[in-house]
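**Student:** My structure is below; once you've seen it, I'll send some questions.
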Amino acid sequence: MQTECGAETGGDGSKTNPNMTEQERIYILRGQLHEHNHRYYVLNQPVISDQEFDFMMHELQDLEARHPELYDANSPTMRVGSDITKEFRQVPHRYPMLSLANTYSEGDVAEWYNQVSRGLEGEEFEVCCEMKYDGLSISLTYEKGRLVQAVTRGDGVQGDDVTANVRTIRSIPLVLKEGLGYPDTFEIRGEILMPWQSFDRLNEEREEIGEQPFANPRNAASGTLKSLDSRIVAERGLDAYLYYLLGDGIGAEGHYESLEKAKAWGFKTSEGMKKMRSLEEIYAFINHWDTARKALPVATDGIVLKVNSFRQQRHLGFTAKSPRWAIAYKFRAERACTKLLGVTYQVGRTGAVTPVANMETVQLAGTKVRRATLNNADFIRSFNIHEGDWLYVEKGGEIIPKIVGVDEERREPGAKPVEFVTRCPECGAELRRNEGEAATYCPNDTGCPPQIKGRIEHFIARKAMNIDSLGPETVDDYYEEGLIHDVADLYSITVDQINADGTRDKSARKIVSAIEKSKTVPFERVVFALGIRMVGETTARLLARHFGDIDSLSRATVEQLMEVDGVGEAIAVSVVSYFQNAKNREIVSRLASYGVRMSVDKEAGKAAGDELAGMNVVVSGVFSRHSRDEYKLMIERHGGKNVSSISGKTTFILAGDNMGPSKLQKAQKLGVKIVGEDEFLTSYINEDKE
């Protein structure tokens with residue numbers, strides 16, 4: 001029974017004060033629910049039933065609805081989330097969030113340990129060992145004991161403000177108890193994770209409604225935390241472990257001691273964290289958790305080792321990418337042996353046929369594995385795989401299952417070798433394999449359904465025609481409904497065709513508008529969008545600028561194509577073959593008739609000056625006034641050269657927002673000048689001439 005308003009309750013919800021006002025009751029309920037939440041999700045020591053907790057929560061929701069003037073962003077009712085949708089804003093980190101160097105063997109650990117010893121000139125030191133959780137890094141800021149901001153790692157310099165979503169994670173305290181000695185302002189970092197139980201439930205739900213299951217808990221946690229609807233986050237049962245405390249006045253001399261304080265303040269910290277005083281103790285800790293971690297409720301992929309003393313950490317300092325006083329030891333990939341049930345074959349956009357092993361389900365690194373790629377015919381032959389074989393499977397990077405061996409001793413007598421198919425499993429065409437290539441192809445590129453749909457998906461991609469209102473599922477639906485049979489059909493789709501049932505008028509208009517807008521995409525991206533085998537972004541740009549228009553490109557011979565810098569015989573043959581196909585020529589002709597750009601913009605392509613002659617420029621970051629591609633074109637038109645990596649020969653970096661910290665550090669180390677967007681436009685090329 002829900003507790004009546006106007007009566008204070010004890011820890012079990014019983015009435016104790018019939019004269020309490022509704023405002024006072026709100027404050028009492030908030031405090032009690034924070035405490036019960038901490039006991040249940042952090043301490044695992046609940047003192048009331050779930051039903052009693054729910055009654056108290058519902059009462060508080062009702063009271064807060066009657067008293068909007070008492071709104072509190074950290075109320076326990078915020079745990080349920082909101083349907084208010086808004087884009088995440090970027091927030092700079094007060095302290096950069098650096099990554100840790102990875103090690104994979106006891107020898108690597110010993111090398112790091114000895115380097116620390118030398119760096120401390122033989123001074124004794126302790127190493128704090130803790131679990132390395134496989135989740136999404138988060139930084140939480142508290143002011144006067146209240147959560148005020150939660151920011152993802154991002155690029156290490158700044159990240160996404162996901163405070164509204166993090167407030168729904170019940171193991172993260174929203175308000176700390178008073179009198180525990182925490183500073184007025186501090187930051188605590190950790191990992192957002194999806195427990196195995198939540199992960200399995202979520203994937204079962206997704207499979208039931210026909211959606212693709214998540215590959216692993218980390219992907220699921222990341223996708224969930226970036227949801228624009230915090231109610232979805234609340235429903236998925238995320239968890240959090242905190243592992244690093246930052247701020248003035250924490251009152252601890254070491255990392256271990258600081259986390260003990262954090263634990264006392266109400267934070268959930270690393271399982272089994274210990275201080276070690278020798279390599280032997282560290283090895284024992286690693287070996288114990290390599291096995292014991294499999295019983296943990298969340299995914300882990302290693303052990304983090306940190307020099308415990310803050311004073312010693314400051315003395316050791318940092319490299320360009322990571323602290324010298326900490327490393328991550330990664331566990332070896334988990335391996336299992338399971339039986340091969342059969343091999344199926346998938347056809348990709350380019351016609352490449354990939355064999356897939358279908359196996360008896362096996363639990364591996366916390367997930368159920370039923371399928372793994374066999375790559376190509378040579379891979380199958382190299383492992384001498386037979387029908388019904390027992391295969392050794394590993395999780396590459398604890399994410400992608402891969403075949404690493406065969407238990408030939410368990411092979412059934414008379415088992416036949418697995419033979420690669422000779423005909424396309426989708427359209428029946430005879431497969432081909434070009435000399436020197438590992439892949440086997442279906443040559444029926446204009447009649448094989450997976451290739452057709454794959455080429456349409458490639459055509460609409462951001463770096464191609466950028467028709468962002470369409471996606472793979474929509475393409476598949478339109479193809480099955482007969483609305484599209486090739487990329488040119490996109491430009492004849494009408495709002496009425498999409499909105500045949502009368503329920504999708506708004507989305508239909510958005511799609512048609514996006515398709516119309518794509519007609520202005522530069523010619524070089526159109527060449528890339530055509531999906532010619534072996535023609536990537538760079539090659540498409542070279543071909544577009546060399547030949548100038550689609551007619552010249554389509555008539556080019558192998559020899560003429562090979563005159564283009566960077567185009568070899570294999571690419572030249574592929575381009576010629578594409579345009580020799582009558583169906584492809586028809587599609588290109590129809591695209592041109594619909595108004596898709598089929599020649600280089602003469603104004604955009606001609607030289608605008610030589611201000612950047614002899615300069616090597618790296619473009620990095622996100623820009624507000626022009627796109628990255630537009631800036632690269634400007635650099636070329638003004639005589640400069642675009643380069644992808646920073647070296648001593650780099651003249652300057654054109655830097656926008658979100659420039660990676662590694663590039664920034666390398667630029668500073670080499671003394672390379674960093675030029676902002678406004679300075680580049682006014683001081684280097686004089687944008688008025690553009």
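Here's how to read the names in the structure tokens: chain A, B, ... by the order shown, residue numbers from 1 in each chain, ligand numbers from 1 in the order shown.
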Give me the residues of region 149-237 of chain A that have any atom at most 10 Å from an atom of region 92-95 of chain A; for each, the nearest atom pair and the distance in Å, rounded to one decimal. Use only C-alpha atoms, sort by chain and number, and format it as CSV.
**Tutor:**
residue,atom,partner,partner_atom,distance
A:Val151,CA,A:His93,CA,8.1
A:Thr152,CA,A:His93,CA,9.4
A:Arg153,CA,A:His93,CA,8.4
A:Gly154,CA,A:Pro92,CA,9.4
A:Asp155,CA,A:Pro92,CA,9.9
A:Gly156,CA,A:His93,CA,7.5
A:Val157,CA,A:His93,CA,5.7
A:Gln158,CA,A:Pro92,CA,3.9
A:Gly159,CA,A:Pro92,CA,6.5
A:Asp160,CA,A:Pro92,CA,8.9
A:Asp161,CA,A:Pro92,CA,9.5
A:Glu187,CA,A:Arg94,CA,9.1
**Student:** Print the selection's residues with N, CA and C atoms to a file, as an mmCIF file, in the first residue's frame.
**Tutor:**
data_model
loop_
_atom_site.group_PDB
_atom_site.id
_atom_site.type_symbol
_atom_site.label_atom_id
_atom_site.label_comp_id
_atom_site.auth_asym_id
_atom_site.auth_seq_id
_atom_site.Cartn_x
_atom_site.Cartn_y
_atom_site.Cartn_z
ATOM 1 N N VAL A 151 30.765 13.633 -18.293
ATOM 2 C CA VAL A 151 31.314 13.845 -19.641
ATOM 3 C C VAL A 151 32.057 12.598 -20.094
ATOM 4 N N THR A 152 31.818 12.174 -21.326
ATOM 5 C CA THR A 152 32.528 11.020 -21.880
ATOM 6 C C THR A 152 33.980 11.386 -22.173
ATOM 7 N N ARG A 153 34.809 10.376 -22.425
ATOM 8 C CA ARG A 153 36.224 10.628 -22.706
ATOM 9 C C ARG A 153 36.396 11.451 -23.981
ATOM 10 N N GLY A 154 35.581 11.173 -25.018
ATOM 11 C CA GLY A 154 35.724 11.883 -26.290
ATOM 12 C C GLY A 154 37.092 11.652 -26.890
ATOM 13 N N ASP A 155 37.777 12.739 -27.234
ATOM 14 C CA ASP A 155 39.127 12.612 -27.792
ATOM 15 C C ASP A 155 40.206 12.801 -26.733
ATOM 16 N N GLY A 156 39.795 12.819 -25.464
ATOM 17 C CA GLY A 156 40.743 13.004 -24.377
ATOM 18 C C GLY A 156 40.872 14.444 -23.941
ATOM 19 N N VAL A 157 40.591 15.370 -24.859
ATOM 20 C CA VAL A 157 40.642 16.798 -24.549
ATOM 21 C C VAL A 157 39.254 17.318 -24.207
ATOM 22 N N GLN A 158 38.248 16.821 -24.926
ATOM 23 C CA GLN A 158 36.864 17.179 -24.626
ATOM 24 C C GLN A 158 35.961 15.999 -24.979
ATOM 25 N N GLY A 159 34.779 15.969 -24.360
ATOM 26 C CA GLY A 159 33.855 14.871 -24.592
ATOM 27 C C GLY A 159 32.421 15.343 -24.583
ATOM 28 N N ASP A 160 31.479 14.394 -24.688
ATOM 29 C CA ASP A 160 30.055 14.709 -24.725
ATOM 30 C C ASP A 160 29.493 14.838 -23.315
ATOM 31 N N ASP A 161 28.668 15.851 -23.118
ATOM 32 C CA ASP A 161 27.963 16.031 -21.848
ATOM 33 C C ASP A 161 26.758 15.082 -21.831
ATOM 34 N N GLU A 187 36.514 15.691 -9.062
ATOM 35 C CA GLU A 187 36.178 14.906 -10.249
ATOM 36 C C GLU A 187 36.530 13.454 -9.978
#
**Student:** Write down as a VMD selection string the residues of region 60-183 of chain A whose backbone DSSP state falls under strand (DSSP E).
**Tutor:** chain A and resid 90 to 92 101 to 103 127 to 133 136 to 143 146 to 152 158 to 160
**Student:** Find the residues near Arg545 (chain A): any atom within 9 Å, counting only C-alpha atoms, skip ones fewer than 2 places away on the same chain, and give them as a ChimeraX atom specification.
**Tutor:** /A:523-524,540-543,547-549,599-600,605
**Student:** Excluding Ile169 (chain A) and its own-chain neighbours fewer than 6 positions away, which residues fall within 12 Å of it when counting only C-alpha atoms? Please give them as a PyMOL selection string.
**Tutor:** chain A and resi 37-38+41-42+74+76-81+150+162-163+191-194+221+224-225+230-241+268
**Student:** Determine, using only C-alpha atoms, which residues of region 270-369 of chain A have any atom at most 9 Å from an atom of region 195-207 of chain A, and tabulate each with its shortest atom pair and distance in Å to one decimal place, rows ordered by chain and then rising number, as a tab-separated table.
**Tutor:**
residue	atom	partner	partner_atom	distance
A:Leu296	CA	A:Trp196	CA	8.9
A:Pro297	CA	A:Pro195	CA	5.6
A:Val298	CA	A:Pro195	CA	4.5
A:Ala299	CA	A:Pro195	CA	7.2
A:Gly366	CA	A:Trp196	CA	7.1
A:Thr367	CA	A:Asp200	CA	8.2
**Student:** Take the selection from the previous step and output its residues with N, CA and C atoms, as a JSON list (two decimals), in the first residue's frame.
**Tutor:**
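Output file part06.json follows:
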[["chain", "number", "residue", "atom", "x", "y", "z"],
["A", 296, "LEU", "N", 32.60, -12.51, -12.54],
["A", 296, "LEU", "CA", 32.15, -11.15, -12.27],
["A", 296, "LEU", "C", 30.91, -10.83, -13.09],
["A", 297, "PRO", "N", 30.08, -9.92, -12.61],
["A", 297, "PRO", "CA", 28.83, -9.59, -13.32],
["A", 297, "PRO", "C", 29.03, -8.68, -14.53],
["A", 298, "VAL", "N", 30.26, -8.18, -14.73],
["A", 298, "VAL", "CA", 30.54, -7.26, -15.84],
["A", 298, "VAL", "C", 31.79, -7.71, -16.59],
["A", 299, "ALA", "N", 31.97, -7.17, -17.79],
["A", 299, "ALA", "CA", 33.11, -7.55, -18.64],
["A", 299, "ALA", "C", 34.39, -6.87, -18.17],
["A", 366, "GLY", "N", 32.15, -14.08, -22.36],
["A", 366, "GLY", "CA", 30.89, -13.58, -21.85],
["A", 366, "GLY", "C", 29.75, -13.52, -22.84],
["A", 367, "THR", "N", 29.99, -13.85, -24.11],
["A", 367, "THR", "CA", 28.92, -13.81, -25.10],
["A", 367, "THR", "C", 28.78, -15.16, -25.79]]
**Student:** Wanna dump the region 465-579 of chain A-region 586-590 of chain A contacts at 9 Å for me, each residue with its shortest atom pair and the distance in Å to one decimal, counting only C-alpha atoms, ordered by chain and number, as a Markdown table?
**Tutor:**
| residue | atom | partner | partner_atom | distance |
| --- | --- | --- | --- | --- |
| A:Asp486 | CA | A:Ile587 | CA | 7.6 |
| A:Val487 | CA | A:Ile587 | CA | 7.4 |
| A:Ala488 | CA | A:Ile587 | CA | 5.8 |
| A:Asp489 | CA | A:Arg590 | CA | 8.7 |
| A:Leu530 | CA | A:Val588 | CA | 8.3 |
| A:Ile550 | CA | A:Val588 | CA | 8.4 |
**Student:** With N, CA, C and O atoms retained, write the just-selected residues as a PDB file, in the first residue's frame.
**Tutor:**
ATOM      1  N   ASP A 486      18.280  -0.056 -58.728  1.00  0.00           N
ATOM      2  CA  ASP A 486      19.660   0.412 -58.861  1.00  0.00           C
ATOM      3  C   ASP A 486      19.730   1.834 -58.308  1.00  0.00           C
ATOM      4  O   ASP A 486      18.704   2.407 -57.912  1.00  0.00           O
ATOM      5  N   VAL A 487      20.928   2.414 -58.281  1.00  0.00           N
ATOM      6  CA  VAL A 487      21.104   3.734 -57.653  1.00  0.00           C
ATOM      7  C   VAL A 487      20.346   4.835 -58.390  1.00  0.00           C
ATOM      8  O   VAL A 487      19.882   5.807 -57.775  1.00  0.00           O
ATOM      9  N   ALA A 488      20.190   4.703 -59.717  1.00  0.00           N
ATOM     10  CA  ALA A 488      19.495   5.742 -60.473  1.00  0.00           C
ATOM     11  C   ALA A 488      18.016   5.810 -60.112  1.00  0.00           C
ATOM     12  O   ALA A 488      17.394   6.886 -60.194  1.00  0.00           O
ATOM     13  N   ASP A 489      17.440   4.677 -59.696  1.00  0.00           N
ATOM     14  CA  ASP A 489      16.023   4.667 -59.320  1.00  0.00           C
ATOM     15  C   ASP A 489      15.726   5.583 -58.141  1.00  0.00           C
ATOM     16  O   ASP A 489      14.571   6.000 -57.952  1.00  0.00           O
ATOM     17  N   LEU A 530      29.867   5.631 -57.343  1.00  0.00           N
ATOM     18  CA  LEU A 530      29.498   4.620 -58.329  1.00  0.00           C
ATOM     19  C   LEU A 530      29.881   3.212 -57.884  1.00  0.00           C
ATOM     20  O   LEU A 530      29.308   2.238 -58.358  1.00  0.00           O
ATOM     21  N   ILE A 550      32.542  12.703 -66.902  1.00  0.00           N
ATOM     22  CA  ILE A 550      32.236  11.274 -66.966  1.00  0.00           C
ATOM     23  C   ILE A 550      32.439  10.704 -68.363  1.00  0.00           C
ATOM     24  O   ILE A 550      32.835   9.539 -68.520  1.00  0.00           O
TER      25      ILE A 550
END
**Student:** Please indicate the distance in Å from CA of Ala336 (chain A) to CA of Ile282 (chain A), rounded to one decimal place.
**Tutor:**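 Taking CA of Ala336 (chain A) and CA of Ile282 (chain A), their separation equals 26.8 Å.
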**Student:** Excluding region 668-682 of chain A and residues on its chain fewer than 3 positions from it, collect all residues at most 9 Å away from it, counting only C-alpha atoms, and give them as JSON, numbers by chain.
**Tutor:** {"A": [320, 623, 624, 625, 626, 646, 647, 648, 649, 650, 651, 652, 653, 654, 655, 656, 663, 664, 665, 685, 686, 687, 688]}
**Student:** Using N, CA, C and O atoms, can you export the residues from the last selection as a compact mmCIF listing (two decimals), in the first residue's frame?
**Tutor:**
# COMPACT_ATOMS: atom_id res chain seq x y z
N ALA A 320 54.15 11.34 -24.23
CA ALA A 320 53.24 12.12 -25.07
C ALA A 320 51.82 11.57 -25.03
O ALA A 320 50.85 12.30 -25.21
N PHE A 623 35.32 21.74 -38.32
CA PHE A 623 35.31 23.16 -38.66
C PHE A 623 33.89 23.70 -38.77
O PHE A 623 32.94 22.94 -39.03
N SER A 624 33.74 25.02 -38.58
CA SER A 624 32.41 25.62 -38.60
C SER A 624 32.11 26.36 -39.89
O SER A 624 30.96 26.45 -40.31
N ARG A 625 33.13 26.90 -40.57
CA ARG A 625 32.88 27.75 -41.73
C ARG A 625 32.93 26.98 -43.05
O ARG A 625 32.29 27.35 -44.02
N HIS A 626 33.74 25.94 -43.11
CA HIS A 626 33.82 25.09 -44.30
C HIS A 626 34.06 23.66 -43.85
O HIS A 626 34.51 23.41 -42.73
N ILE A 646 51.80 14.17 -39.35
CA ILE A 646 52.69 15.25 -38.95
C ILE A 646 54.14 14.77 -38.92
O ILE A 646 54.44 13.70 -38.39
N SER A 647 55.02 15.55 -39.52
CA SER A 647 56.45 15.24 -39.50
C SER A 647 57.22 16.55 -39.46
O SER A 647 56.64 17.64 -39.43
N GLY A 648 58.53 16.44 -39.50
CA GLY A 648 59.36 17.63 -39.50
C GLY A 648 59.19 18.45 -40.76
O GLY A 648 59.56 19.63 -40.80
N LYS A 649 58.61 17.85 -41.82
CA LYS A 649 58.40 18.56 -43.09
C LYS A 649 57.04 19.27 -43.14
O LYS A 649 56.76 19.97 -44.11
N THR A 650 56.21 19.07 -42.10
CA THR A 650 54.90 19.73 -42.08
C THR A 650 55.07 21.23 -41.85
O THR A 650 55.77 21.65 -40.91
N THR A 651 54.45 22.04 -42.71
CA THR A 651 54.56 23.50 -42.58
C THR A 651 53.67 24.01 -41.44
O THR A 651 54.11 24.78 -40.60
N PHE A 652 52.42 23.59 -41.44
CA PHE A 652 51.53 23.95 -40.34
C PHE A 652 50.34 23.00 -40.32
O PHE A 652 50.08 22.26 -41.28
N ILE A 653 49.61 23.03 -39.21
CA ILE A 653 48.38 22.24 -39.06
C ILE A 653 47.21 23.20 -39.08
O ILE A 653 47.17 24.16 -38.30
N LEU A 654 46.25 22.97 -39.99
CA LEU A 654 45.00 23.71 -39.97
C LEU A 654 44.10 22.98 -38.99
O LEU A 654 43.62 21.88 -39.26
N ALA A 655 43.89 23.58 -37.81
CA ALA A 655 43.25 22.88 -36.70
C ALA A 655 41.86 23.43 -36.40
O ALA A 655 41.68 24.64 -36.24
N GLY A 656 40.88 22.52 -36.35
CA GLY A 656 39.54 22.87 -35.92
C GLY A 656 39.27 22.35 -34.53
O GLY A 656 40.20 21.98 -33.79
N LYS A 663 47.97 14.30 -31.94
CA LYS A 663 48.48 15.20 -32.98
C LYS A 663 48.98 16.51 -32.36
O LYS A 663 50.01 17.05 -32.76
N LEU A 664 48.22 17.00 -31.39
CA LEU A 664 48.62 18.24 -30.72
C LEU A 664 49.98 18.07 -30.03
O LEU A 664 50.87 18.92 -30.15
N GLN A 665 50.15 16.96 -29.33
CA GLN A 665 51.41 16.71 -28.62
C GLN A 665 52.57 16.54 -29.60
O GLN A 665 53.68 17.03 -29.35
N ILE A 685 45.05 32.64 -47.22
CA ILE A 685 44.50 32.57 -48.57
C ILE A 685 43.60 33.74 -48.93
O ILE A 685 43.18 33.85 -50.09
N ASN A 686 43.29 34.61 -47.98
CA ASN A 686 42.41 35.75 -48.23
C ASN A 686 41.10 35.27 -48.84
O ASN A 686 40.90 35.26 -50.05
N GLU A 687 40.18 34.86 -47.99
CA GLU A 687 38.96 34.17 -48.45
C GLU A 687 38.14 35.02 -49.41
O GLU A 687 37.34 34.50 -50.18
N ASP A 688 38.33 36.31 -49.43
CA ASP A 688 37.55 37.15 -50.35
C ASP A 688 37.77 36.74 -51.80
O ASP A 688 36.92 36.94 -52.66
**Student:** Excluding same-chain residues fewer than 6 positions from Ala556 (chain A), what lies within 10 Å of it counting only C-alpha atoms, as a list in words?
**Tutor:**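 Skipping anything fewer than 6 positions along the chain leaves Phe547, Ile550, Met562, Ala572, Val575, Val576 and Phe579 of chain A.
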**Student:** Which one is closest to Leu70 (chain A): A:Gly181, A:Glu24, A:Ser99, A:Ile327? Count only C-alpha atoms.
**Tutor:**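 Counting only C-alpha atoms, the residue closest to Leu70 (chain A) is A:Glu24.
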**Student:** Using the chain letters and numbers from this document, which residues of region 177-330 of chain A does DSSP assign to helix (DSSP H, G or I), as a ChimeraX atom specification?
**Tutor:** /A:196-208,217-225,230-235,255-265,279-295,310-316
**Student:** Using only C-alpha atoms, which residues sit within 9 Å of Lys275 (chain A) once same-chain residues fewer than 5 positions away are excluded, as a list in words?
**Tutor:**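 In the requested format, the answer is Glu126, Val127, Cys128, Cys129, Glu130, Tyr256, Ile282 and Asn308 of chain A.
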**Student:** Using only C-alpha atoms, which of A:Met534, A:Tyr329, A:Arg462, A:Ile250 sits nearest Trp289 (chain A)?
**Tutor:**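 Nearest to Trp289 (chain A): A:Tyr329.
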**Student:** So which one's closest to Arg66 (chain A), A:Leu147, A:Ile460, A:Ile26, A:Ala164? Using only C-alpha atoms, please.
**Tutor:**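 Nearest to Arg66 (chain A): A:Ile26.
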**Student:** Would you compute the distance between CA of Ser258 (chain A) and CA of Tyr244 (chain A)? Give it in Å to one decimal.
**Tutor:** 8.1 Å
**Student:** At what distance in Å, to one decimal, does CA of Ile188 (chain A) lie from CA of Trp265 (chain A)?
**Tutor:**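 Calculated distance between CA of Trp265 (chain A) and CA of Ile188 (chain A) is 11.6 Å.
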**Student:** For a quick check of understanding, using only C-alpha atoms, which of A:Ile48, A:Met131, A:Cys337, A:Val418 has the smallest distance to Arg381 (chain A)?
**Tutor:**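 Smallest separation from Arg381 (chain A) among the options: A:Val418.
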